[in-house]
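This is model38.tsv (TSV, C-alpha atoms and all ligand atoms).
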```
chain	number	residue	atom	x	y	z
A	66	MET	CA	0.00	0.00	0.00
A	67	CYS	CA	2.66	2.50	0.96
A	68	GLY	CA	5.01	1.59	-1.88
A	69	SER	CA	3.66	4.51	-3.91
A	70	CYS	CA	4.10	7.13	-1.21
A	71	GLY	CA	7.37	5.88	0.29
A	72	CYS	CA	6.19	6.48	3.82
A	73	SER	CA	6.80	3.09	5.39
A	74	THR	CA	10.25	2.33	6.73
A	75	GLU	CA	9.37	-1.29	7.32
A	76	LEU	CA	8.21	-1.80	3.77
A	77	HIS	CA	11.45	-0.38	2.43
A	78	GLN	CA	13.44	-2.52	4.82
A	79	THR	CA	11.84	-5.69	3.57
A	80	ASN	CA	11.67	-4.78	-0.12
A	81	TRP	CA	14.77	-2.79	-0.82
A	82	GLN	CA	18.40	-3.76	-0.81
A	83	GLY	CA	19.67	-0.29	0.08
A	84	LYS	CA	18.25	-0.08	3.57
A	85	GLY	CA	20.12	3.03	4.76
A	86	ARG	CA	19.17	5.02	1.69
A	87	SER	CA	15.48	4.25	1.94
A	88	ILE	CA	15.36	5.39	5.54
A	89	SER	CA	16.97	8.74	4.77
A	90	LEU	CA	14.43	9.21	1.95
A	91	GLU	CA	11.67	8.83	4.49
A	92	VAL	CA	13.27	11.33	6.83
A	93	ASP	CA	13.56	13.90	4.01
A	94	LEU	CA	9.97	13.31	2.95
A	95	LEU	CA	8.68	13.84	6.46
A	96	ALA	CA	10.92	16.87	7.05
A	97	ASP	CA	9.50	18.54	3.90
A	98	ASN	CA	6.02	17.63	4.99
A	99	ASN	CA	6.54	19.03	8.50
A	100	GLU	CA	7.86	22.30	7.14
A	101	ARG	CA	4.76	22.92	5.04
A	102	ALA	CA	2.53	21.67	7.85
A	103	SER	CA	3.92	24.26	10.20
A	104	ALA	CA	3.27	26.98	7.58
A	105	ASN	CA	-0.31	25.71	7.30
A	106	ARG	CA	-0.62	25.76	11.10
A	107	ASP	CA	0.61	29.38	11.26
A	108	TRP	CA	-1.91	30.35	8.62
A	109	PHE	CA	-4.77	28.63	10.49
A	110	ARG	CA	-3.83	30.39	13.72
A	111	GLU	CA	-3.58	33.82	12.09
A	112	HIS	CA	-7.02	33.37	10.59
A	113	GLY	CA	-8.72	31.72	13.56
A	114	VAL	CA	-9.40	28.60	11.50
A	115	LEU	CA	-9.81	25.40	13.52
A	116	ALA	CA	-8.51	22.58	11.31
A	117	LEU	CA	-9.38	19.01	12.25
A	118	ASN	CA	-7.85	15.94	10.59
A	119	PHE	CA	-10.26	12.96	10.57
A	120	LEU	CA	-8.57	9.57	10.37
A	121	SER	CA	-9.95	6.06	10.20
A	122	SER	CA	-10.04	2.87	8.19
A	123	PRO	CA	-12.35	2.86	5.13
A	124	GLY	CA	-16.03	2.50	5.95
A	125	SER	CA	-15.99	3.74	9.54
A	126	GLY	CA	-18.63	6.37	8.79
A	127	LYS	CA	-16.44	9.49	8.54
A	128	THR	CA	-18.44	11.17	5.80
A	129	THR	CA	-21.78	10.37	7.42
A	130	LEU	CA	-20.49	11.85	10.68
A	131	LEU	CA	-19.32	15.00	8.90
A	132	VAL	CA	-22.58	15.42	6.97
A	133	GLN	CA	-24.67	15.11	10.16
A	134	SER	CA	-22.36	17.49	12.04
A	135	LEU	CA	-22.55	20.09	9.27
A	136	LYS	CA	-26.34	19.89	9.13
A	137	ALA	CA	-26.55	20.43	12.88
A	138	LEU	CA	-23.95	23.18	13.24
A	139	GLN	CA	-23.84	25.16	10.00
A	140	SER	CA	-26.26	27.78	11.28
A	141	ASP	CA	-23.84	28.53	14.16
A	142	TYR	CA	-20.43	28.27	12.42
A	143	GLN	CA	-18.80	28.56	9.00
A	144	PHE	CA	-17.33	25.33	7.60
A	145	MET	CA	-15.14	24.20	4.73
A	146	VAL	CA	-14.28	20.59	3.99
A	147	ILE	CA	-11.36	18.87	2.25
A	148	GLU	CA	-12.09	15.29	1.21
A	149	GLY	CA	-9.27	12.84	0.55
A	150	ASP	CA	-9.87	9.64	-1.39
A	151	GLN	CA	-7.84	7.70	-3.92
A	152	GLN	CA	-10.59	8.11	-6.54
A	153	THR	CA	-14.06	9.64	-7.05
A	154	ASP	CA	-15.73	12.86	-6.02
A	155	ASN	CA	-18.50	11.02	-4.14
A	156	ASP	CA	-17.72	12.20	-0.62
A	157	ALA	CA	-17.24	15.85	-1.65
A	158	GLU	CA	-20.63	15.63	-3.40
A	159	ARG	CA	-22.23	14.34	-0.19
A	160	ILE	CA	-20.71	17.24	1.75
A	161	ARG	CA	-21.79	19.81	-0.86
A	162	SER	CA	-25.36	18.54	-0.63
A	163	THR	CA	-25.46	20.17	2.84
A	164	GLY	CA	-24.54	23.54	1.27
A	165	VAL	CA	-21.02	23.52	2.74
A	166	PRO	CA	-18.15	24.08	0.25
A	167	ALA	CA	-16.00	20.97	-0.23
A	168	LEU	CA	-12.91	20.23	-2.25
A	169	GLN	CA	-12.06	16.68	-3.26
A	170	ILE	CA	-8.43	15.62	-3.43
A	171	ASN	CA	-7.82	12.37	-5.32
A	172	THR	CA	-4.53	10.86	-4.28
A	173	GLY	CA	-4.50	8.21	-7.04
A	174	ARG	CA	-2.13	5.53	-5.80
A	175	GLY	CA	-1.23	7.58	-2.72
A	176	CYS	CA	-2.66	6.44	0.57
A	177	HIS	CA	-2.65	9.61	2.69
A	178	LEU	CA	-2.99	13.38	2.43
A	179	ASP	CA	0.12	15.50	2.92
A	180	SER	CA	0.60	19.12	3.92
A	181	VAL	CA	1.33	20.31	0.36
A	182	MET	CA	-1.99	18.92	-0.88
A	183	VAL	CA	-3.73	20.76	1.95
A	184	SER	CA	-1.96	24.07	1.27
A	185	ARG	CA	-2.94	23.84	-2.43
A	186	ALA	CA	-6.50	23.10	-1.42
A	187	LEU	CA	-6.49	26.20	0.82
A	188	GLU	CA	-5.63	28.36	-2.22
A	189	GLN	CA	-8.80	27.15	-3.91
A	190	LEU	CA	-11.10	26.97	-0.90
A	191	HIS	CA	-10.17	30.26	0.80
A	192	PRO	CA	-11.54	29.36	4.24
A	193	LEU	CA	-13.18	32.29	5.99
A	194	ASP	CA	-11.63	33.74	9.12
A	195	ASN	CA	-12.95	32.18	12.32
A	196	SER	CA	-14.26	29.04	10.71
A	197	PHE	CA	-13.88	25.28	10.89
A	198	LEU	CA	-11.88	23.29	8.34
A	199	PHE	CA	-12.70	19.59	8.36
A	200	ILE	CA	-10.13	17.44	6.58
A	201	GLU	CA	-11.30	13.90	5.88
A	202	ASN	CA	-8.14	11.92	5.26
A	203	VAL	CA	-7.88	8.85	3.02
A	204	GLY	CA	-9.28	5.80	4.83
A	205	ASN	CA	-6.11	4.23	6.20
A	206	LEU	CA	-4.92	3.60	9.75
A	207	VAL	CA	-1.22	3.45	8.90
A	208	CYS	CA	0.67	6.27	7.19
A	209	PRO	CA	-1.72	9.23	7.76
A	210	ALA	CA	-0.40	9.06	11.35
A	211	LEU	CA	3.00	10.22	10.10
A	212	PHE	CA	1.87	13.15	7.98
A	213	ASP	CA	1.14	16.34	9.89
A	214	LEU	CA	-1.18	18.56	7.84
A	215	GLY	CA	-0.98	21.54	10.18
A	216	GLU	CA	-4.24	20.60	11.88
A	217	ALA	CA	-5.01	21.54	15.48
A	218	PHE	CA	-6.33	18.08	16.33
A	219	LYS	CA	-6.27	14.57	14.94
A	220	ILE	CA	-9.56	12.78	15.47
A	221	VAL	CA	-9.53	9.03	15.00
A	222	ILE	CA	-12.81	7.32	14.23
A	223	LEU	CA	-13.33	3.69	15.12
A	224	SER	CA	-16.61	1.97	14.35
A	225	VAL	CA	-18.03	-0.87	16.40
A	226	THR	CA	-18.15	-3.04	13.26
A	227	GLU	CA	-14.35	-3.18	13.49
A	228	GLY	CA	-12.47	-5.10	16.18
A	229	GLU	CA	-12.11	-3.62	19.67
A	230	ASP	CA	-8.38	-4.39	19.44
A	231	LYS	CA	-7.74	-1.83	16.67
A	232	PRO	CA	-5.84	0.45	19.11
A	233	LEU	CA	-3.40	-2.41	19.79
A	234	LYS	CA	-3.03	-3.31	16.11
A	235	TYR	CA	-2.52	0.28	14.90
A	236	PRO	CA	-0.93	1.98	17.91
A	237	ASP	CA	0.75	4.82	15.97
A	238	ILE	CA	-2.47	6.38	14.81
A	239	PHE	CA	-4.19	6.01	18.18
A	240	ASN	CA	-1.13	7.42	19.89
A	241	ALA	CA	-1.21	10.44	17.56
A	242	ALA	CA	-4.93	11.00	18.21
A	243	ASP	CA	-6.30	13.86	20.32
A	244	LEU	CA	-9.79	12.38	20.46
A	245	VAL	CA	-11.37	9.06	19.49
A	246	LEU	CA	-14.93	8.80	18.26
A	247	LEU	CA	-16.49	5.36	18.62
A	248	THR	CA	-19.13	5.31	15.89
A	249	LYS	CA	-22.16	3.21	14.83
A	250	ILE	CA	-23.04	2.39	18.46
A	251	ASP	CA	-26.66	1.82	17.39
A	252	LEU	CA	-25.37	-1.51	15.99
A	253	LEU	CA	-24.01	-2.72	19.34
A	254	PRO	CA	-26.99	-5.01	20.09
A	255	TYR	CA	-26.12	-7.05	16.97
A	256	LEU	CA	-22.37	-7.28	17.56
A	257	ARG	CA	-19.91	-8.72	20.05
A	258	PHE	CA	-17.98	-5.51	20.39
A	259	ASP	CA	-16.67	-5.04	23.94
A	260	ILE	CA	-16.60	-1.31	24.66
A	261	ASP	CA	-14.85	-1.66	28.04
A	262	ARG	CA	-12.09	-3.71	26.48
A	263	CYS	CA	-11.76	-1.23	23.63
A	264	ARG	CA	-11.45	1.63	26.11
A	265	GLU	CA	-8.86	-0.28	28.10
A	266	TYR	CA	-6.76	-0.97	24.97
A	267	LEU	CA	-7.02	2.65	23.96
A	268	GLN	CA	-5.89	3.88	27.39
A	269	ARG	CA	-2.95	1.51	27.20
A	270	ILE	CA	-1.83	3.15	23.94
A	271	LYS	CA	-2.75	6.76	24.83
A	272	PRO	CA	-3.39	7.25	28.54
A	273	GLY	CA	-5.96	9.89	29.34
A	274	ILE	CA	-7.40	10.23	25.83
A	275	ALA	CA	-11.13	10.95	25.59
A	276	MET	CA	-13.47	8.66	23.64
A	277	ILE	CA	-16.94	9.80	22.63
A	278	GLN	CA	-19.48	7.11	21.74
A	279	LEU	CA	-21.99	8.03	19.06
A	280	SER	CA	-24.14	7.08	16.12
A	281	ALA	CA	-24.36	9.76	13.45
A	282	GLN	CA	-27.09	7.87	11.62
A	283	GLU	CA	-29.33	7.50	14.68
A	284	GLU	CA	-28.21	10.77	16.30
A	285	MET	CA	-26.98	9.14	19.50
A	286	GLY	CA	-24.22	10.85	21.48
A	287	MET	CA	-23.93	13.67	18.97
A	288	ALA	CA	-24.45	16.37	21.63
A	289	ASP	CA	-21.21	15.29	23.36
A	290	TRP	CA	-19.36	15.59	20.07
A	291	TYR	CA	-20.83	19.02	19.34
A	292	ARG	CA	-19.83	20.19	22.83
A	293	TRP	CA	-16.28	19.03	22.16
A	294	LEU	CA	-16.23	20.96	18.85
A	295	ALA	CA	-17.61	24.12	20.44
A	296	ALA	CA	-15.04	24.02	23.26
A	297	ALA	CA	-12.18	23.38	20.81
A	298	PHE	CA	-13.38	26.28	18.65
A	299	ASP	CA	-13.50	28.67	21.60
A	300	GLU	CA	-9.96	27.73	22.59
A	301	ARG	CA	-8.52	27.66	19.08
A	302	CYS	CA	-6.34	30.75	19.45
A	303	GLN	CA	-4.84	29.79	22.80
A	304	GLU	CA	-3.58	26.34	22.04
A	305	ASP	CA	0.09	25.59	21.36
A	401	MG	MG	-15.55	9.14	3.27
A	402	ZN	ZN	0.73	6.67	2.63
```

Starting from the file, give its structure as structure tokens.
Ligand code: MG
Ligand code: ZN
Amino acid sequence: MCGSCGCSTELHQTNWQGKGRSISLEVDLLADNNERASANRDWFREHGVLALNFLSSPGSGKTTLLVQSLKALQSDYQFMVIEGDQQTDNDAERIRSTGVPALQINTGRGCHLDSVMVSRALEQLHPLDNSFLFIENVGNLVCPALFDLGEAFKIVILSVTEGEDKPLKYPDIFNAADLVLLTKIDLLPYLRFDIDRCREYLQRIKPGIAMIQLSAQEEMGMADWYRWLAAAFDERCQED
């Protein structure tokens, strides 16, 4: 998967002969990415834009969550959305149907968004001052963890149709997270998903992290999520 983007050290170590060289390539790639990410972050802070990077595996319900959140909150705040997928404009179309401007980035063979893609998208989207920017990353629990986009917070979405041991299997992304949203909880009666165990695994990887349980489809737990967004928005200019 990451062969096209060159972001996995382990993959290079197993596939390439020149081990040392591949590792320095990764370091350069991430250094370039971090530089642009910090320029993005400065720009967001100057303009009072709260940028959130949404990360998950494919099919966790990211777009549904964003659509429901936009419908509920767009009378109180201004929003812009960047959608990342390998192909299609489908998710951006779903966002636009709410009336919120959305820009689709197709990464082709690439499996994550990077900070240059986001800064180019900003030139087209022109987010308003004092607004939210939602960035829906490519569905992938591996390399998006490595690529800072300049966001204020990384929000990892885990649905109850996945295993409760995802935090143990993909520790990097859960360790990078600022908040975890456990989605599709309306399906719990039909599944053997153990929430307590999931929470325990998550705390093992990232002690103290908050997890909000919700169902966007059935509008369960959404008030907690909206409270989190409102508090983060109010504090957006004070954070480090
Ligand atoms: Mg999506
Ligand atoms: Zn990647």

Non-local contacts of Leu130 in chain A (9 Å; only C-alpha atoms; under 2 positions in same chain excluded) as JSON, numbers by chain: {"A": [126, 127, 128, 132, 133, 134, 135, 248, 280, 281, 282]}

Close residues, Tyr266 in chain A itself excluded, 9 Å, only C-alpha atoms, min 2 positions apart in chain, as number ranges by chain: A: 229-233, 261-264, 268-271

In terms of the shortest atom-to-atom distance over all atoms listed in the file, which of A:Ala137, A:Leu94, A:Leu223, A:Val114 is closest to Glu300 in chain A?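 Looking only at the distances to Glu300 in chain A, the closest residue turns out to be A:Val114.
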
Ile222 in chain A surroundings by only C-alpha atoms, 6 Å radius, close-in-sequence under 5 positions cut, as a PyMOL selection string: chain A and resi 121+245-246

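The list of residues with at least one atom within 12 Å of Asn99 in chain A, based on all atoms listed in the file and without residues fewer than 4 positions apart in the same chain, reads Val92, Asp93, Leu94, Leu95, Ser103, Ala104, Asn105, Arg106, Asp179, Ser180, Val181, Leu211, Phe212, Asp213, Leu214, Gly215 and Glu216 of chain A.
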
Contacts with ligand MG 401 (chain A) at most 8 Å, all atoms listed in the file counted, listed as a list in words: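 Based on all atoms listed in the file, ligand MG 401 (chain A) is surrounded within 8 Å by Pro123, Gly124, Gly126, Lys127, Thr128, Thr129, Glu148, Gly149, Asp150, Asp156, Glu201, Val203 and Gly204 of chain A.
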
Min atom-atom distance to ligand ZN 402 (chain A) from the set A:Ala295, A:Ala210, A:Ile250, A:Ile274, counting only C-alpha atoms and all ligand atoms, belongs to A:Ala210

Let me know the centre plus edge lengths, in Å and rounded to one decimal, of a box with edges along x, y and z that contains all listed atoms of range 229-237 of chain A and is padded by 5 Å on every side, as lines of an AutoDock Vina configuration file.
```
center_x = -5.7
center_y = 0.2
center_z = 17.3
size_x = 22.9
size_y = 19.2
size_z = 14.9
```

Compile the contact shell of Gln189 in chain A as a VMD selection string: residues with an atom at most 10 Å away, counting only C-alpha atoms, same-chain residues fewer than 4 positions apart removed. chain A and resid 168 184 to 185

Nearest to His112 in chain A by atom-to-atom distance, counting all atoms listed in the file, from A:Ile170, A:Ala288, A:Leu193, A:Val165: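 Among the listed residues, the smallest separation from His112 in chain A belongs to A:Leu193.
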
Please compute the CA of Gln152 in chain A-CA of Ser125 in chain A distance, one decimal, in Å. 17.5 Å

For a quick check of understanding, using all atoms listed in the file, which of A:Glu284, A:Glu111, A:Asp154, A:Glu188 has the smallest distance to Thr172 in chain A?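 Ranking A:Glu284, A:Glu111, A:Asp154, A:Glu188 by distance to Thr172 in chain A, first place goes to A:Asp154.
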
Polymer residues at most 12 Å from (-15.2, 22.2, 17.2) by only C-alpha atoms, as a ChimeraX atom specification: /A:114-118,131,134-135,138-139,141-144,195-199,217-220,244,288-301

For the residues selected in the previous step, produce a file with C-alpha atoms as a PDB file, in the frame of the given file.
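Result file again24.pdb:
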```
ATOM      1  CA  VAL A 114      -9.400  28.600  11.500  1.00  0.00           C
ATOM      2  CA  LEU A 115      -9.810  25.400  13.520  1.00  0.00           C
ATOM      3  CA  ALA A 116      -8.510  22.580  11.310  1.00  0.00           C
ATOM      4  CA  LEU A 117      -9.380  19.010  12.250  1.00  0.00           C
ATOM      5  CA  ASN A 118      -7.850  15.940  10.590  1.00  0.00           C
ATOM      6  CA  LEU A 131     -19.320  15.000   8.900  1.00  0.00           C
ATOM      7  CA  SER A 134     -22.360  17.490  12.040  1.00  0.00           C
ATOM      8  CA  LEU A 135     -22.550  20.090   9.270  1.00  0.00           C
ATOM      9  CA  LEU A 138     -23.950  23.180  13.240  1.00  0.00           C
ATOM     10  CA  GLN A 139     -23.840  25.160  10.000  1.00  0.00           C
ATOM     11  CA  ASP A 141     -23.840  28.530  14.160  1.00  0.00           C
ATOM     12  CA  TYR A 142     -20.430  28.270  12.420  1.00  0.00           C
ATOM     13  CA  GLN A 143     -18.800  28.560   9.000  1.00  0.00           C
ATOM     14  CA  PHE A 144     -17.330  25.330   7.600  1.00  0.00           C
ATOM     15  CA  ASN A 195     -12.950  32.180  12.320  1.00  0.00           C
ATOM     16  CA  SER A 196     -14.260  29.040  10.710  1.00  0.00           C
ATOM     17  CA  PHE A 197     -13.880  25.280  10.890  1.00  0.00           C
ATOM     18  CA  LEU A 198     -11.880  23.290   8.340  1.00  0.00           C
ATOM     19  CA  PHE A 199     -12.700  19.590   8.360  1.00  0.00           C
ATOM     20  CA  ALA A 217      -5.010  21.540  15.480  1.00  0.00           C
ATOM     21  CA  PHE A 218      -6.330  18.080  16.330  1.00  0.00           C
ATOM     22  CA  LYS A 219      -6.270  14.570  14.940  1.00  0.00           C
ATOM     23  CA  ILE A 220      -9.560  12.780  15.470  1.00  0.00           C
ATOM     24  CA  LEU A 244      -9.790  12.380  20.460  1.00  0.00           C
ATOM     25  CA  ALA A 288     -24.450  16.370  21.630  1.00  0.00           C
ATOM     26  CA  ASP A 289     -21.210  15.290  23.360  1.00  0.00           C
ATOM     27  CA  TRP A 290     -19.360  15.590  20.070  1.00  0.00           C
ATOM     28  CA  TYR A 291     -20.830  19.020  19.340  1.00  0.00           C
ATOM     29  CA  ARG A 292     -19.830  20.190  22.830  1.00  0.00           C
ATOM     30  CA  TRP A 293     -16.280  19.030  22.160  1.00  0.00           C
ATOM     31  CA  LEU A 294     -16.230  20.960  18.850  1.00  0.00           C
ATOM     32  CA  ALA A 295     -17.610  24.120  20.440  1.00  0.00           C
ATOM     33  CA  ALA A 296     -15.040  24.020  23.260  1.00  0.00           C
ATOM     34  CA  ALA A 297     -12.180  23.380  20.810  1.00  0.00           C
ATOM     35  CA  PHE A 298     -13.380  26.280  18.650  1.00  0.00           C
ATOM     36  CA  ASP A 299     -13.500  28.670  21.600  1.00  0.00           C
ATOM     37  CA  GLU A 300      -9.960  27.730  22.590  1.00  0.00           C
ATOM     38  CA  ARG A 301      -8.520  27.660  19.080  1.00  0.00           C
TER      39      ARG A 301
END
```

Separation of CA of Leu267 in chain A and CA of Phe119 in chain A, in Å?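 Interatomic distance here is 17.2 Å.
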